[in-house]
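One file, coords10.cif, is given below (mmCIF, C-alpha atoms and all ligand atoms).
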data_final
#
loop_
_atom_site.label_atom_id
_atom_site.label_comp_id
_atom_site.auth_asym_id
_atom_site.auth_seq_id
_atom_site.Cartn_x
_atom_site.Cartn_y
_atom_site.Cartn_z
CA MET Z 1 -79.08 51.04 -55.22
CA PRO Z 2 -75.54 51.00 -53.81
CA VAL Z 3 -72.37 51.72 -55.73
CA LEU Z 4 -70.07 48.73 -55.91
CA VAL Z 5 -66.39 49.54 -55.35
CA ALA Z 6 -64.19 46.58 -56.36
CA SER Z 7 -60.53 47.29 -55.75
CA ASP Z 8 -57.36 45.31 -56.10
CA LEU Z 9 -55.27 45.46 -52.92
CA ASP Z 10 -51.52 44.94 -53.48
CA ARG Z 11 -49.87 47.91 -55.17
CA THR Z 12 -53.30 49.49 -55.59
CA LEU Z 13 -54.53 50.18 -52.05
CA ILE Z 14 -51.79 48.57 -49.93
CA TYR Z 15 -48.03 48.62 -50.45
CA SER Z 16 -45.00 46.71 -49.20
CA SER Z 17 -42.06 48.88 -48.14
CA ALA Z 18 -40.34 48.04 -51.45
CA ALA Z 19 -43.36 49.34 -53.39
CA LEU Z 20 -43.98 52.62 -51.50
CA ALA Z 21 -42.05 54.71 -54.08
CA LEU Z 22 -41.78 57.75 -51.81
CA THR Z 23 -39.80 60.54 -53.45
CA MET Z 24 -40.08 63.43 -50.97
CA PRO Z 25 -37.50 64.14 -48.26
CA ASP Z 26 -37.96 61.75 -45.33
CA ALA Z 27 -39.03 64.59 -43.05
CA ARG Z 28 -42.03 65.27 -45.33
CA ALA Z 29 -43.03 61.63 -45.92
CA PRO Z 30 -46.65 60.79 -45.09
CA ARG Z 31 -47.36 58.86 -41.92
CA LEU Z 32 -48.02 55.20 -42.75
CA LEU Z 33 -50.39 52.70 -41.22
CA CYS Z 34 -49.30 49.05 -41.18
CA VAL Z 35 -52.24 46.92 -42.37
CA GLU Z 36 -50.51 43.54 -42.61
CA VAL Z 37 -48.10 41.68 -40.35
CA HIS Z 38 -46.49 38.51 -41.66
CA GLU Z 39 -44.27 36.26 -39.56
CA SER Z 40 -44.27 38.97 -36.88
CA LYS Z 41 -42.96 41.63 -39.29
CA PRO Z 42 -44.78 44.61 -40.83
CA LEU Z 43 -45.46 43.85 -44.50
CA SER Z 44 -48.09 46.15 -46.05
CA PHE Z 45 -48.95 49.80 -45.56
CA MET Z 46 -51.25 52.59 -46.59
CA THR Z 47 -50.96 56.27 -45.78
CA GLU Z 48 -52.85 57.50 -42.76
CA THR Z 49 -54.86 59.72 -45.12
CA ALA Z 50 -55.76 56.71 -47.28
CA ALA Z 51 -56.82 54.83 -44.15
CA GLY Z 52 -59.15 57.73 -43.27
CA LEU Z 53 -60.64 57.73 -46.77
CA LEU Z 54 -61.26 53.98 -46.70
CA THR Z 55 -62.95 54.33 -43.30
CA GLU Z 56 -65.09 57.11 -44.78
CA LEU Z 57 -66.06 54.88 -47.72
CA GLY Z 58 -67.03 52.05 -45.38
CA GLY Z 59 -68.94 54.47 -43.18
CA LEU Z 60 -71.29 55.45 -46.01
CA GLY Z 61 -73.22 52.26 -45.31
CA ALA Z 62 -74.22 49.28 -47.46
CA ASP Z 63 -77.13 51.18 -49.04
CA THR Z 64 -74.70 53.70 -50.51
CA ALA Z 65 -71.41 51.94 -51.19
CA VAL Z 66 -70.28 48.32 -51.05
CA PHE Z 67 -66.49 48.07 -50.86
CA VAL Z 68 -65.20 44.72 -52.14
CA PRO Z 69 -61.50 43.85 -51.72
CA THR Z 70 -60.68 42.08 -55.01
CA THR Z 71 -57.39 40.23 -54.92
CA THR Z 72 -55.31 37.45 -56.42
CA ARG Z 73 -54.22 36.54 -52.89
CA THR Z 74 -55.29 33.23 -51.42
CA ARG Z 75 -57.92 33.41 -48.68
CA LYS Z 76 -55.23 32.86 -46.06
CA GLN Z 77 -53.05 35.66 -47.45
CA TYR Z 78 -56.09 37.95 -47.60
CA GLN Z 79 -57.22 37.20 -44.08
CA ARG Z 80 -54.04 38.45 -42.49
CA ILE Z 81 -54.69 41.94 -43.89
CA SER Z 82 -56.42 44.26 -41.45
CA LEU Z 83 -58.02 47.06 -43.43
CA PRO Z 84 -59.35 50.16 -41.67
CA GLY Z 85 -63.12 50.62 -41.59
CA PRO Z 86 -65.93 48.11 -41.19
CA GLU Z 87 -65.31 44.48 -42.18
CA PRO Z 88 -66.34 44.14 -45.86
CA LYS Z 89 -69.33 41.82 -46.31
CA TYR Z 90 -67.93 40.54 -49.60
CA ALA Z 91 -64.34 39.87 -50.63
CA ILE Z 92 -62.99 38.34 -53.84
CA CYS Z 93 -59.90 36.15 -53.37
CA ALA Z 94 -57.77 33.86 -55.56
CA ASN Z 95 -58.44 36.09 -58.58
CA GLY Z 96 -62.16 35.31 -58.43
CA GLY Z 97 -61.87 31.65 -57.41
CA HIS Z 98 -63.30 32.37 -53.98
CA LEU Z 99 -66.10 34.76 -53.10
CA LEU Z 100 -66.10 35.35 -49.36
CA VAL Z 101 -69.41 36.31 -47.79
CA ASP Z 102 -69.05 37.43 -44.17
CA GLY Z 103 -65.62 35.77 -44.17
CA ALA Z 104 -66.74 32.32 -45.44
CA THR Z 105 -66.33 31.07 -48.99
CA ASP Z 106 -69.46 30.68 -51.09
CA GLU Z 107 -69.24 27.00 -52.05
CA ASP Z 108 -71.68 27.28 -54.95
CA TRP Z 109 -69.63 30.06 -56.50
CA HIS Z 110 -66.42 28.08 -56.07
CA ALA Z 111 -67.95 24.93 -57.61
CA GLY Z 112 -69.10 26.98 -60.61
CA VAL Z 113 -65.59 28.37 -61.09
CA GLN Z 114 -64.04 24.91 -60.93
CA ALA Z 115 -66.48 23.61 -63.54
CA ARG Z 116 -65.57 26.45 -65.91
CA LEU Z 117 -61.85 25.84 -65.49
CA ALA Z 118 -62.24 22.11 -66.14
CA ALA Z 119 -64.15 22.88 -69.35
CA GLU Z 120 -62.25 25.84 -70.75
CA CYS Z 121 -58.48 25.66 -70.18
CA ALA Z 122 -55.52 23.33 -69.66
CA PRO Z 123 -55.32 21.75 -66.21
CA LEU Z 124 -53.21 23.31 -63.46
CA GLU Z 125 -50.99 20.22 -63.29
CA GLU Z 126 -49.81 20.72 -66.89
CA VAL Z 127 -48.85 24.33 -66.17
CA ARG Z 128 -47.22 23.49 -62.85
CA GLN Z 129 -45.15 20.78 -64.57
CA TYR Z 130 -44.06 23.15 -67.33
CA LEU Z 131 -42.94 25.71 -64.75
CA ALA Z 132 -41.09 23.05 -62.78
CA ASP Z 133 -39.30 21.81 -65.92
CA SER Z 134 -38.45 25.11 -67.57
CA ALA Z 135 -37.73 27.60 -64.77
CA ASP Z 136 -34.05 27.72 -63.89
CA PRO Z 137 -33.21 27.16 -60.20
CA SER Z 138 -30.54 29.88 -60.50
CA TRP Z 139 -33.30 32.52 -60.46
CA VAL Z 140 -36.34 30.75 -58.99
CA ARG Z 141 -36.70 31.02 -55.23
CA LYS Z 142 -40.08 29.32 -54.76
CA HIS Z 143 -42.66 27.31 -56.70
CA ARG Z 144 -46.17 27.78 -55.36
CA VAL Z 145 -49.67 26.52 -56.11
CA ALA Z 146 -52.45 28.78 -54.81
CA GLU Z 147 -55.78 27.34 -53.67
CA ASP Z 148 -55.42 24.50 -56.25
CA LEU Z 149 -56.43 27.09 -58.84
CA PHE Z 150 -53.27 28.72 -60.21
CA ALA Z 151 -49.49 28.77 -59.82
CA TYR Z 152 -46.82 31.35 -59.16
CA LEU Z 153 -43.08 31.57 -58.87
CA VAL Z 154 -41.05 33.82 -56.61
CA VAL Z 155 -37.99 34.88 -58.61
CA GLU Z 156 -34.82 36.96 -58.46
CA ARG Z 157 -36.06 39.72 -60.71
CA GLU Z 158 -32.56 40.91 -61.76
CA LEU Z 159 -31.61 37.41 -62.94
CA LEU Z 160 -34.91 36.58 -64.64
CA PRO Z 161 -34.44 36.20 -68.43
CA GLU Z 162 -36.98 38.37 -70.26
CA GLU Z 163 -36.98 35.89 -73.14
CA TRP Z 164 -38.12 33.05 -70.86
CA VAL Z 165 -41.09 35.12 -69.67
CA LYS Z 166 -42.08 35.86 -73.29
CA GLU Z 167 -41.89 32.18 -74.25
CA LEU Z 168 -43.89 31.23 -71.17
CA ALA Z 169 -46.58 33.79 -72.07
CA VAL Z 170 -46.97 32.31 -75.57
CA TRP Z 171 -47.01 28.73 -74.25
CA ALA Z 172 -49.63 29.70 -71.64
CA GLU Z 173 -51.77 31.66 -74.10
CA ASN Z 174 -52.13 28.56 -76.27
CA ARG Z 175 -53.48 26.69 -73.26
CA GLY Z 176 -55.95 29.29 -72.08
CA TRP Z 177 -53.72 30.72 -69.34
CA THR Z 178 -52.38 34.23 -68.64
CA ILE Z 179 -48.95 35.23 -67.33
CA SER Z 180 -48.53 38.25 -65.07
CA LEU Z 181 -45.25 39.57 -63.70
CA GLN Z 182 -45.62 41.57 -60.50
CA GLY Z 183 -42.57 42.51 -58.49
CA ARG Z 184 -40.82 39.27 -57.55
CA LYS Z 185 -43.76 37.06 -58.54
CA ILE Z 186 -44.71 35.47 -61.86
CA TYR Z 187 -48.33 34.36 -61.89
CA ALA Z 188 -49.80 31.75 -64.20
CA VAL Z 189 -53.58 32.10 -64.02
CA PRO Z 190 -56.32 30.38 -66.05
CA LYS Z 191 -58.11 32.85 -68.32
CA PRO Z 192 -61.59 31.85 -67.08
CA LEU Z 193 -60.49 32.67 -63.51
CA THR Z 194 -61.32 36.37 -63.40
CA LYS Z 195 -61.95 39.09 -60.89
CA SER Z 196 -64.60 40.54 -63.20
CA ALA Z 197 -66.88 37.48 -63.09
CA ALA Z 198 -66.87 37.59 -59.29
CA MET Z 199 -67.46 41.35 -59.33
CA ARG Z 200 -70.50 40.88 -61.58
CA GLU Z 201 -71.82 38.28 -59.14
CA VAL Z 202 -71.51 40.71 -56.21
CA ALA Z 203 -73.13 43.46 -58.30
CA HIS Z 204 -76.03 41.09 -58.99
CA ARG Z 205 -76.40 40.13 -55.33
CA THR Z 206 -76.28 43.69 -54.02
CA GLY Z 207 -78.35 45.22 -56.80
CA ALA Z 208 -75.56 47.68 -57.57
CA THR Z 209 -76.05 49.52 -60.83
CA LEU Z 210 -72.83 51.53 -60.79
CA THR Z 211 -69.50 49.70 -60.48
CA LEU Z 212 -66.13 51.31 -59.76
CA ALA Z 213 -62.79 49.50 -59.91
CA ALA Z 214 -59.05 50.01 -59.54
CA GLY Z 215 -56.01 47.85 -60.20
CA ASP Z 216 -52.40 47.93 -61.34
CA SER Z 217 -51.64 44.59 -63.00
CA LEU Z 218 -52.56 42.60 -66.08
CA LEU Z 219 -54.80 40.47 -63.86
CA ASP Z 220 -56.86 43.61 -63.16
CA ALA Z 221 -57.49 44.50 -66.81
CA ASP Z 222 -60.72 42.48 -67.07
CA LEU Z 223 -61.95 43.97 -63.78
CA LEU Z 224 -61.31 47.51 -65.02
CA LEU Z 225 -63.00 46.83 -68.36
CA ALA Z 226 -66.04 45.31 -66.66
CA ALA Z 227 -66.54 48.29 -64.35
CA ASP Z 228 -68.42 51.44 -65.30
CA LYS Z 229 -65.47 53.53 -64.17
CA GLY Z 230 -61.92 52.50 -63.35
CA TRP Z 231 -58.58 53.89 -62.24
CA ARG Z 232 -55.07 52.56 -62.52
CA PRO Z 233 -51.96 53.93 -60.80
CA GLY Z 234 -48.90 55.36 -62.57
CA HIS Z 235 -46.87 52.25 -61.69
CA GLY Z 236 -47.30 48.56 -62.45
CA GLU Z 237 -47.80 46.29 -65.45
CA LEU Z 238 -50.69 48.27 -66.92
CA ALA Z 239 -48.86 51.59 -66.63
CA ASP Z 240 -45.69 50.04 -68.12
CA GLU Z 241 -47.72 49.17 -71.21
CA SER Z 242 -49.54 52.54 -71.18
CA TRP Z 243 -52.69 50.42 -71.01
CA THR Z 244 -55.94 52.32 -71.08
CA ALA Z 245 -59.59 52.13 -72.13
CA PRO Z 246 -62.42 54.65 -72.53
CA ASN Z 247 -63.79 54.12 -69.00
CA ILE Z 248 -60.34 54.13 -67.37
CA THR Z 249 -58.41 57.02 -65.87
CA ALA Z 250 -54.64 56.58 -65.81
CA LEU Z 251 -53.47 58.38 -62.68
CA PRO Z 252 -50.06 60.05 -62.50
CA GLU Z 253 -49.41 59.06 -58.88
CA ARG Z 254 -47.02 56.20 -58.23
CA GLY Z 255 -46.60 54.03 -55.16
CA VAL Z 256 -48.47 54.44 -51.89
CA LEU Z 257 -49.70 57.94 -52.86
CA ALA Z 258 -51.60 56.37 -55.76
CA GLY Z 259 -53.60 54.40 -53.19
CA GLU Z 260 -54.63 57.65 -51.55
CA ARG Z 261 -55.68 59.17 -54.87
CA ILE Z 262 -57.69 56.08 -55.88
CA LEU Z 263 -59.70 56.24 -52.65
CA GLN Z 264 -60.36 59.96 -53.27
CA GLU Z 265 -61.66 59.06 -56.72
CA PHE Z 266 -63.90 56.29 -55.34
CA LEU Z 267 -65.47 58.74 -52.89
CA ARG Z 268 -65.86 61.46 -55.50
CA ALA Z 269 -67.63 59.05 -57.86
CA THR Z 270 -70.01 57.80 -55.16
CA PRO Z 271 -73.16 59.93 -55.24
MG MG H 1 -52.02 44.62 -57.60
#

Can the structure from this file be put into structure tokens for me?
Ligand SMILES: [Mg+2]
Amino acid sequence: MPVLVASDLDRTLIYSSAALALTMPDARAPRLLCVEVHESKPLSFMTETAAGLLTELGGLGADTAVFVPTTTRTRKQYQRISLPGPEPKYAICANGGHLLVDGATDEDWHAGVQARLAAECAPLEEVRQYLADSADPSWVRKHRVAEDLFAYLVVERELLPEEWVKELAVWAENRGWTISLQGRKIYAVPKPLTKSAAMREVAHRTGATLTLAAGDSLLDADLLLAADKGWRPGHGELADESWTAPNITALPERGVLAGERILQEFLRATP
């Protein structure tokens, strides 16, 4: 039975230059591998050591470890990432809304997710409208809908009123939605749209009996709780709230070095 390794990507395994959080003198900084190019510019990185560890994890083979990228990114945003190691057979995108199998979405899974959302929470259009009406153009840069499943705003973080975010979170909670603030993005995501449900599905399909997970944001909390063992970095929404649980290890590392440590932990926990 393989071990299932479900890991968030952004600010968990891969980092934008703004999120690297390197503190050593430049001359002693780790060498970085660019794993994502966007509009012809380098966008996301991991350390060369982390890249080696991920390749090692992939090289264990599907009978030993199944690595599943588990992200809130849309399929298109996910597909421009080029991770080291073998192409993962499974990937979870759109916060669980799409389960990719050999690069193609599983339509049955997606239909099941849509049915749950229709039954269990307020429709996307209501949330999108609220965001459009209440977010002030002085600090909103972009309004986005992702995969017709959830919405996010790109904001000027320094100008964003904390009070507005709190009010939004209460409004959303009453409608079965969650708010997550990550860097310059505010996500509004339906509560039934979870990474953990998709992870359980992959565990079922692969026969995995041990599940490992890592993540840094509020949208990763359900994934971490659903896994047998989980790790979160020393930065991010969960760390800011000192969030923890019995099966979770809160790591001290921050930034791109946390990604390296998380991969070490995955390998150590894989028999
Ligand atoms: Mg993340």

One decimal, in Å: what's the spacing between atom CA of Z:Thr64 and atom CA of Z:Ala91?
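Atom CA of Z:Ala91 lies at a distance of 17.3 Å from atom CA of Z:Thr64.
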
Selection as a PyMOL selection string: residues within 12 Å of ligand MG 1 (chain H) by all atoms listed in the file:
chain Z and resi 7-16+19+69-73+95+180-183+185+187+195+214-221+223+232-233+235-239+255-256+258-259

Enter the distance from atom CA of Z:Ala132 to atom CA of Z:Glu158, in Å, rounded to one decimal.
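Between atom CA of Z:Ala132 and atom CA of Z:Glu158 the gap is 19.8 Å.
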
Which polymer residues have any atom within 8 Å of an atom of Z:Val5, counting all atoms listed in the file, with same-chain residues fewer than 5 positions away left out, as a PDB file with C-alpha atoms, keeping the file's coordinate frame?
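Writing the result to around_26.pdb gives the following:
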ATOM      1  CA  ALA Z  65     -71.410  51.940 -51.190  1.00  0.00           C
ATOM      2  CA  VAL Z  66     -70.280  48.320 -51.050  1.00  0.00           C
ATOM      3  CA  PHE Z  67     -66.490  48.070 -50.860  1.00  0.00           C
ATOM      4  CA  VAL Z  68     -65.200  44.720 -52.140  1.00  0.00           C
ATOM      5  CA  THR Z 211     -69.500  49.700 -60.480  1.00  0.00           C
ATOM      6  CA  LEU Z 212     -66.130  51.310 -59.760  1.00  0.00           C
ATOM      7  CA  ALA Z 213     -62.790  49.500 -59.910  1.00  0.00           C
ATOM      8  CA  PHE Z 266     -63.900  56.290 -55.340  1.00  0.00           C
TER       9      PHE Z 266
END

Looking at all atoms listed in the file, which of Z:Glu265, Z:Glu167, Z:Glu201, Z:Glu173 is the one that sits closest to Z:His98?
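Distance minimum relative to Z:His98 lands on Z:Glu201.
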
Report, in Å to a single decimal, how far apart atom CA of Z:Met1 and atom CA of Z:Asp63 are.
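So the two atoms, atom CA of Z:Asp63 and atom CA of Z:Met1, lie 6.5 Å apart.
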
Using all atoms listed in the file, determine which residues lie at most 9 Å from stretch 135-148 of chain Z, disregarding the query and same-chain residues fewer than 2 positions distant; provide the list as a list in words.
Arg73, Thr74, Arg75, Ala94, Gly97, Leu124, Arg128, Tyr130, Leu131, Ala132, Asp133, Phe150, Ala151, Tyr152, Leu153, Val154, Val155, Glu156, Arg157, Glu158, Leu159, Leu160, Pro161 and Trp164 of chain Z

Draw an axis-aligned box tight on the listed atoms of stretch 35-42 of chain Z, then pad every side by 3 Å and write out centre and edge lengths in Å to one decimal as AutoDock Vina command-line options.
--center_x -47.6 --center_y 41.6 --center_z -39.7 --size_x 15.3 --size_y 16.7 --size_z 11.7

I need every residue sitting at most 12 Å from the point (-47.3, 38.6, -43.7) (coordinates as in the file, only C-alpha atoms considered), written as an MDAnalysis selection string.
chainID Z and resid 16 34:45 73 76:82

Tell me which residues come within 8 Å of (-70.5, 50.9, -39.1), as a list in words, counting only C-alpha atoms in the file's coordinates.
Gly58, Gly59, Gly61, Gly85 and Pro86 of chain Z
